[in-house]
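Participant: This is the structure I want to talk about, given as structure tokens.
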Amino acid sequence: MSLKIRRAAVLGSGVMGAQIAAHLGAAGVRTYLLDLASAEAPTDKALAKVVGKNFRNARAVVAIENLKSLKPSPLYSAQALSNIIPGNFDDDLSVLAECDWIIEAVIERLDIKRSIHKRIAEYARPHVPVTTNTSGISLSEIAQELPEEYQQRFFGTHFFNPPRYMRLLEVIPHPNTSPKLQSDLETWMSERLGKGIVHASDSVNFIANRIGVFASQAVMQHMATAGLNIETVDNLTGPLIGHAKSATMRTTDVVGLDTFAAVARNTYDKAPNDPFRDWFKMPTWVDELIAKGALGQKSNSTGFYKKDKDAKGNTVILAYRPETKSYVPQEVKEFPWEAEANKERDTVKRIKFILSQKDAGAQFVWASIRDVFSYAALLLEDIAGGLPQPVDDAIRWGFNWEIGPFELWQALGYDEVLQRMQADKAKLPGWAKPGVKFYEPTPNSKEWSASGGATKQIQATGTQTKLVAIPKPDYVYTLPSFENKDDKRVVLSNRSASLVDIGDGVACLVFHSKMNSIDEHIIEMLQKATLKVGQSFDALVIGNDAPNFSAGANIKMILSAIQTQKWSDIDSFLRGFQGALQLLKFAAFPTVSCPAGLALGGGCEVTLHTTLRVAAGETYAGLVEMGVGLIPAGGGTKELALRAYEAANQGDKADPVPFLQRAFQLIGMARVSSSAHEAIEMGLYPQTTQISLSREHIVHRAKRAALTLVADGYVPKTPALAIKVAGDPGIQTFKMALYNMVQGRAISAYDAVIAEKVVTVLCGGEVDSGTAVSEQYFLDLERRVFIELCQQKPTADRIEHMLTTGKPLRN
């Protein structure tokens with residue numbers, strides 16, 4: 001029987017404890033959030049109002065309240081707060097007997113953790129997992145005096161901050177931990193919480209913090225040698241080499257200089273044999289910043305950087321200069337190869353190009369990368385059982401690197417890198433010999449990628465390595481990210497999309513254009529895939545493994561047609577897109593889309609036309625065309641209109657205009673959901689939409705949902721033929737509201753022009769109220785209005801501005 005987690009408890013309502021509780025709440029788990037009991041009611045009136053009568057729970061109550069204002073928001077939906085129940089250690093520990101999982105998340109002090117686990121042991125039911133959220137304290141030390149039965153269900157679950165957004169969850173077993181209980185909870189955390197599980201040894205700072213903090217320390221070591229300033233270092237160690245946008249120094253500001261220093265100090269104090277131990281001593285100038293309270297983002301944005309105002313009152317970000325102990329305007333040193341490097345989209349090729357250069361900037365990048373390779377290799381046995389995949393996964397998921405250290409080493413050419421390291425006299429383990437391959441590829445994967453479908457990895461022991469299998473979960477399909485005719489699963493393929501057989505009579509349509517933007521090739525494949533599935537399969541799933549489902553239609557192509565006044569080309573494109581989505585909507589088989597990441601504009605319209613949606617929790621969906629001076633014209637405006645008229649028809653002669661207002665707000669305000677939950681709450685996605693906090697499970701769940709629909713005898717939809725519309729009276733009602741908005745400067749005059757076009761479609765055109773029209777009539781209106789807007793110069797200006805700056809123009 002699989003593990004069922006219906007109730008949980010989090011002990012400790014600090015920043016991490018409260019956010020873990022919020023994440024559990026979003027997964028539908030009733031969660032007790034407990035902390036120290038308060039001795040008396042708060043004297044602050046505002047605080048007293050929040051806490052209410054039960055002041056003894058004040059710490060937990062305030063922590064729950066603070067979740068509402070944290071940025072980025074830890075809440076998929078404010079409704080998740082109703083699943084969190086505040087309490088305290090003195091009055092409420094008895095609730096632990098109801099819980100299916102107990103998480104200790106108190107302060108990082110061994111004595112306090114030991115004490116709280118002794119109290120948990122008095123109440124927790126047998127066989128219920130009890131885990132500690134620690135970033136570096138030894139599991140063996142925490143459990144030293146606990147009963148053997150308790151030790152069997154005790155292990156570490158190290159969530160990364162913020163838990164909603166950071167996929168990494170390090171699992172650290174105690175020597176006596178039950179492997180089955182650990183495995184069962186891992187399965188649940190992966191599927192229900194969306195966590196990427198990494199098995200770490202019970203070693204100092206585990207994997208991600210041990211390697212990630214070292215990478216930053218190595219950068220600081222070489223920064224001084226190369227004579228580079230803070231902002232230049234961040235320019236060289238961010239997206240340029242596949243690392244997070246916050247790079248090195250800015251990341252430390254976000255984490256907190258004091259927190260970062262504490263992790264480094266923990267390695268220095270507790271790992272006396274660390275091969276780079278002295279590098280974990282913070283530079284004197286960093287200690288000085290910490291001493292005077294310049295801790296980064298949490299201290300008025302003063303750390304390595306400082307947020308300030310210039311003479312005109314504009315916000316500026318200054319950079320610290322250790323030599324003068326002052327903050328100055330940023331001066332990023334540029335190197336002659338940077339412009340060329342930035343043109344290369346492929347990260348591995350870009351890094352190879354940088355490492356081929358000879359100047360100080362390129363040498364700094366090489367030294368920083370080299371030392372991470374060296375350190376990760378030297379520690380591989382100690383922290384990850386000799387396996388590279390846990391290290392690569394931990395760094396990708398915990399520090400947002402695009403490529404893990406061992407993946408990158410293999411991608412750059414293992415032997416070439418090894419020779420260069422040996423020439424530099426870099427420290428290396430005995431197993432690092434010529435010819436080693438960290439990962440063995442499959443035909444569908446990049447040969448260096450642990451995440452791309454490799455079937456085997458090395459396991460290093462002493463001076464030897466052997467290949468061991470990488471288990472593949474049944475929910476992983478490794479969908480193609482490019483046209484790959486050698487993949488035997490591919491049924492149809494072109495440059496922008498592929499139809500893939502994922503088994504059991506289900507095909508998956510995969511977009512793989514740039515940002516998965518909708519172009520003529522995707523439209524062609526939508527049409528062909530629908531016909532092919534009707535002939536050879538039982539159901540269709542539309543999804544991918546990319547960060548984004550689809551960023552929308554290819555507006556660059558639209559702008560080109562506008563500039564050459566090829567209105568017939570635009571009409572043809574829209575007819576093709578509308579036709580493809582109508583084929584999808586009325587197909588004889590069930591269709592299930594898998595929105596995740598961005599599902600904007602045309603991408604959102606695709607999801608609105610499928611039978612069902614299985615959305616990732618992190619889905620940012622919206623019909624955003626108004627931002628570029630257009631309206632949704634692939635059927636998106638039509639779909640929201642039909643939904644409004646259907647709702648109005650449920651009343652007795654109900655006026656459809658109030659129901660159309662929600663559709664108008666979604667399109668007119670170009671609203672984008674902050675989560676899949678919000679997409680449902682704001683009325684963009686219907687209540688039938690399923691949500692998975694695990695991005696990696698959505699295609700599997702969509703396939704399962706499609707097969708259920710097939711088994712239940714799926715009945716196809718039929719087109720609506722007689723929709724009674726609001727007509728011209730409805731248009732005039734909206735126009736009056738728009739006039740007032742322009743007069744109140746809430747919107748621009750051209751915003752009103754576009755909004756009137758949206759209203760024209762929603763209300764069914766300039767016809768009498770109650771006129772019956774067909775679904776095709778709405779599609780024709782969409783195309784007409786879309787082309788009318790294309791013929792307006794302000795629309796062309798908006799599209800061009802978006803393509804140039806990435807931001808909307810309010811003209």
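Ordering of the structure tokens sets the chain letters (A, B, ...); residue numbers start at 1 within each chain; ligands are numbered from 1 in the order shown.
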May I have the residues within 6 Å of region 163-178 of chain A as a PyMOL selection string, using only C-alpha atoms and disregarding those fewer than 4 positions away in the same chain?
Facilitator: chain A and resi 74+139+151-159+195-202+397-398
Participant: Set the distance at 9 Å and use only C-alpha atoms: which residues neighbour Leu559 (chain A) once local chain neighbours fewer than 4 positions away are removed? I'd like the list as a list in words.
Facilitator: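 Counting only the stated atoms, we get Ile555, Gln563, Thr564, Cys790, Ala796, Ile799 and Glu800 of chain A.
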Participant: Quick one: residues within 7 Å of region 382-396 of chain A, only C-alpha atoms, excluding same-chain residues fewer than 4 positions away - as a ChimeraX atom specification?
Facilitator: /A:168,198-201,203,206-208,212,400-407,438,450,458-461
Participant: Return as a PyMOL selection string the full set of residues in region 167-390 of chain A whose backbone-based DSSP assignment is helix (DSSP H, G or I).
Facilitator: chain A and resi 179-193+208-226+230-236+239-241+249-255+257-270+277-280+284-291+338-343+347-355+360-384+388-390
Participant: Report, in Å to a single decimal, how far apart CA of Gly296 (chain A) and CA of Gly256 (chain A) are.
Facilitator: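 That distance, rounded to one decimal, is 5.3 Å.
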Participant: Do you know which residues are at most 9 Å from Arg662 (chain A) counting only C-alpha atoms, after dropping those on the same chain fewer than 4 positions away, and could you put them as a PyMOL selection string?
Facilitator: chain A and resi 640+644+658+666-667+682-683
Participant: Could you check how far CA of Tyr150 (chain A) sits from CA of Ile107 (chain A), in Å to one decimal?
Facilitator: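 Atom-to-atom, CA of Tyr150 (chain A) and CA of Ile107 (chain A) are spaced 21.0 Å apart.
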Participant: Have a look at CA of Lys292 (chain A) and CA of Phe260 (chain A) and let me know their distance in Å, one decimal.
Facilitator: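 Between CA of Lys292 (chain A) and CA of Phe260 (chain A) the gap works out to 15.8 Å.
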Participant: List every residue of region 515-691 of chain A that DSSP, applied to the backbone, labels as strand (DSSP E or B), and write the result as a PyMOL selection string.
Facilitator: chain A and resi 518+539-542+550+553+591-593+597-600+612-616+619-622+690-691
Participant: Pick out the residues sitting within 12 Å of region 802-810 of chain A, and hand them over as JSON, numbers by chain; count only C-alpha atoms, and ignore anything fewer than 3 positions along from it in its own chain.
Facilitator: {"A": [554, 555, 556, 557, 558, 559, 560, 624, 625, 626, 627, 628, 629, 670, 745, 746, 747, 748, 749, 750, 751, 752, 754, 794, 795, 796, 797, 798, 799]}
Participant: Extract, using only C-alpha atoms, all DNA, RNA and protein residues at most 6 Å from region 576-580 of chain A, discarding same-chain residues fewer than 5 positions from it, and format them as JSON, numbers by chain.
Facilitator: {"A": [523, 526, 527, 634, 635]}
Participant: For Cys508 (chain A), work out the shell of residues within 12 Å, counting only C-alpha atoms and skipping chain neighbours fewer than 3 positions away, then give it as a tab-separated table (two decimals) with N, CA and C atoms, in the first residue's frame.
Facilitator:
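This went into part.tsv:
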```
chain	number	residue	atom	x	y	z
A	477	TYR	N	9.06	10.56	-19.66
A	477	TYR	CA	8.97	10.17	-21.06
A	477	TYR	C	10.14	10.69	-21.90
A	478	THR	N	10.88	11.68	-21.41
A	478	THR	CA	11.99	12.30	-22.15
A	478	THR	C	11.53	12.65	-23.56
A	479	LEU	N	10.67	13.64	-23.65
A	479	LEU	CA	10.11	14.05	-24.93
A	479	LEU	C	11.13	14.83	-25.74
A	480	PRO	N	11.09	14.73	-27.07
A	480	PRO	CA	12.11	15.40	-27.90
A	480	PRO	C	12.03	16.91	-27.80
A	489	ARG	N	10.11	6.54	-31.50
A	489	ARG	CA	8.78	6.85	-30.95
A	489	ARG	C	8.08	7.94	-31.78
A	490	VAL	N	8.86	8.70	-32.57
A	490	VAL	CA	8.30	9.83	-33.30
A	490	VAL	C	7.49	9.33	-34.50
A	491	VAL	N	6.22	9.74	-34.53
A	491	VAL	CA	5.31	9.34	-35.60
A	491	VAL	C	5.32	10.37	-36.73
A	492	LEU	N	5.26	11.65	-36.37
A	492	LEU	CA	5.33	12.75	-37.33
A	492	LEU	C	6.25	13.81	-36.75
A	493	SER	N	6.93	14.58	-37.62
A	493	SER	CA	7.83	15.60	-37.08
A	493	SER	C	8.10	16.67	-38.13
A	497	ALA	N	7.50	20.97	-34.23
A	497	ALA	CA	6.65	20.10	-33.42
A	497	ALA	C	6.81	18.65	-33.86
A	498	SER	N	6.52	17.74	-32.92
A	498	SER	CA	6.59	16.31	-33.22
A	498	SER	C	5.43	15.59	-32.54
A	499	LEU	N	4.94	14.55	-33.19
A	499	LEU	CA	3.94	13.67	-32.60
A	499	LEU	C	4.65	12.41	-32.15
A	500	VAL	N	4.54	12.09	-30.86
A	500	VAL	CA	5.31	11.00	-30.27
A	500	VAL	C	4.37	9.95	-29.68
A	501	ASP	N	4.66	8.70	-29.93
A	501	ASP	CA	3.90	7.59	-29.35
A	501	ASP	C	4.39	7.37	-27.91
A	502	ILE	N	3.52	7.64	-26.93
A	502	ILE	CA	3.93	7.44	-25.52
A	502	ILE	C	3.29	6.19	-24.92
A	503	GLY	N	2.78	5.33	-25.78
A	503	GLY	CA	2.31	4.02	-25.34
A	503	GLY	C	0.85	3.97	-24.94
A	504	ASP	N	0.32	2.76	-24.93
A	504	ASP	CA	-1.06	2.49	-24.49
A	504	ASP	C	-2.09	3.19	-25.36
A	505	GLY	N	-1.77	3.42	-26.64
A	505	GLY	CA	-2.72	4.04	-27.54
A	505	GLY	C	-2.82	5.55	-27.41
A	511	PHE	N	5.66	20.58	-28.78
A	511	PHE	CA	6.17	21.78	-29.45
A	511	PHE	C	7.65	21.91	-29.14
A	525	MET	N	1.33	20.88	-37.84
A	525	MET	CA	1.43	19.65	-37.07
A	525	MET	C	0.18	19.41	-36.22
A	526	LEU	N	-0.46	20.49	-35.72
A	526	LEU	CA	-1.73	20.33	-35.00
A	526	LEU	C	-2.76	19.66	-35.90
A	529	ALA	N	-1.53	16.01	-36.74
A	529	ALA	CA	-1.57	15.15	-35.55
A	529	ALA	C	-3.00	14.75	-35.22
A	530	THR	N	-3.94	15.70	-35.35
A	530	THR	CA	-5.34	15.38	-35.05
A	530	THR	C	-5.85	14.30	-36.00
A	532	LYS	N	-3.96	12.08	-37.66
A	532	LYS	CA	-3.22	10.83	-37.42
A	532	LYS	C	-3.71	10.12	-36.17
A	533	VAL	N	-3.96	10.87	-35.12
A	533	VAL	CA	-4.45	10.25	-33.89
A	533	VAL	C	-5.82	9.62	-34.13
A	537	PHE	N	-4.61	6.17	-33.02
A	537	PHE	CA	-4.49	6.22	-31.57
A	537	PHE	C	-5.86	6.41	-30.93
A	538	ASP	N	-5.91	6.30	-29.61
A	538	ASP	CA	-7.16	6.47	-28.87
A	538	ASP	C	-7.30	7.86	-28.25
A	539	ALA	N	-6.17	8.55	-28.04
A	539	ALA	CA	-6.24	9.85	-27.35
A	539	ALA	C	-4.97	10.64	-27.65
A	540	LEU	N	-5.07	11.96	-27.41
A	540	LEU	CA	-3.93	12.86	-27.67
A	540	LEU	C	-3.63	13.69	-26.44
A	541	VAL	N	-2.36	13.75	-26.08
A	541	VAL	CA	-1.86	14.65	-25.04
A	541	VAL	C	-1.00	15.71	-25.72
A	542	ILE	N	-1.09	16.95	-25.26
A	542	ILE	CA	-0.22	18.02	-25.79
A	542	ILE	C	0.63	18.53	-24.62
A	543	GLY	N	1.93	18.29	-24.68
A	543	GLY	CA	2.81	18.69	-23.59
A	543	GLY	C	4.25	18.62	-24.03
A	544	ASN	N	5.16	19.02	-23.14
A	544	ASN	CA	6.59	18.97	-23.45
A	544	ASN	C	7.39	18.98	-22.17
A	545	ASP	N	8.69	18.81	-22.30
A	545	ASP	CA	9.60	18.84	-21.15
A	545	ASP	C	10.27	20.20	-20.99
A	591	THR	N	-8.74	14.88	-25.82
A	591	THR	CA	-7.47	15.59	-25.89
A	591	THR	C	-7.20	16.23	-24.54
A	592	VAL	N	-5.95	16.15	-24.09
A	592	VAL	CA	-5.58	16.70	-22.79
A	592	VAL	C	-4.30	17.52	-22.96
A	593	SER	N	-4.35	18.79	-22.58
A	593	SER	CA	-3.16	19.64	-22.66
A	593	SER	C	-2.49	19.74	-21.31
A	594	CYS	N	-1.19	20.06	-21.34
A	594	CYS	CA	-0.37	20.08	-20.12
A	594	CYS	C	0.31	21.44	-19.97
A	698	ILE	N	3.09	15.75	-15.10
A	698	ILE	CA	1.86	16.18	-15.76
A	698	ILE	C	1.56	15.39	-17.04
A	699	VAL	N	2.56	15.05	-17.84
A	699	VAL	CA	2.28	14.27	-19.05
A	699	VAL	C	1.77	12.89	-18.67
A	700	HIS	N	2.37	12.29	-17.65
A	700	HIS	CA	1.93	10.97	-17.18
A	700	HIS	C	0.49	11.04	-16.69
A	702	ALA	N	-1.73	13.32	-17.52
A	702	ALA	CA	-2.58	13.63	-18.66
A	702	ALA	C	-2.90	12.35	-19.45
A	703	LYS	N	-1.90	11.53	-19.63
A	703	LYS	CA	-2.12	10.25	-20.32
A	703	LYS	C	-3.13	9.40	-19.55
A	706	ALA	N	-6.56	10.85	-20.01
A	706	ALA	CA	-7.08	10.58	-21.35
A	706	ALA	C	-7.59	9.15	-21.47
```
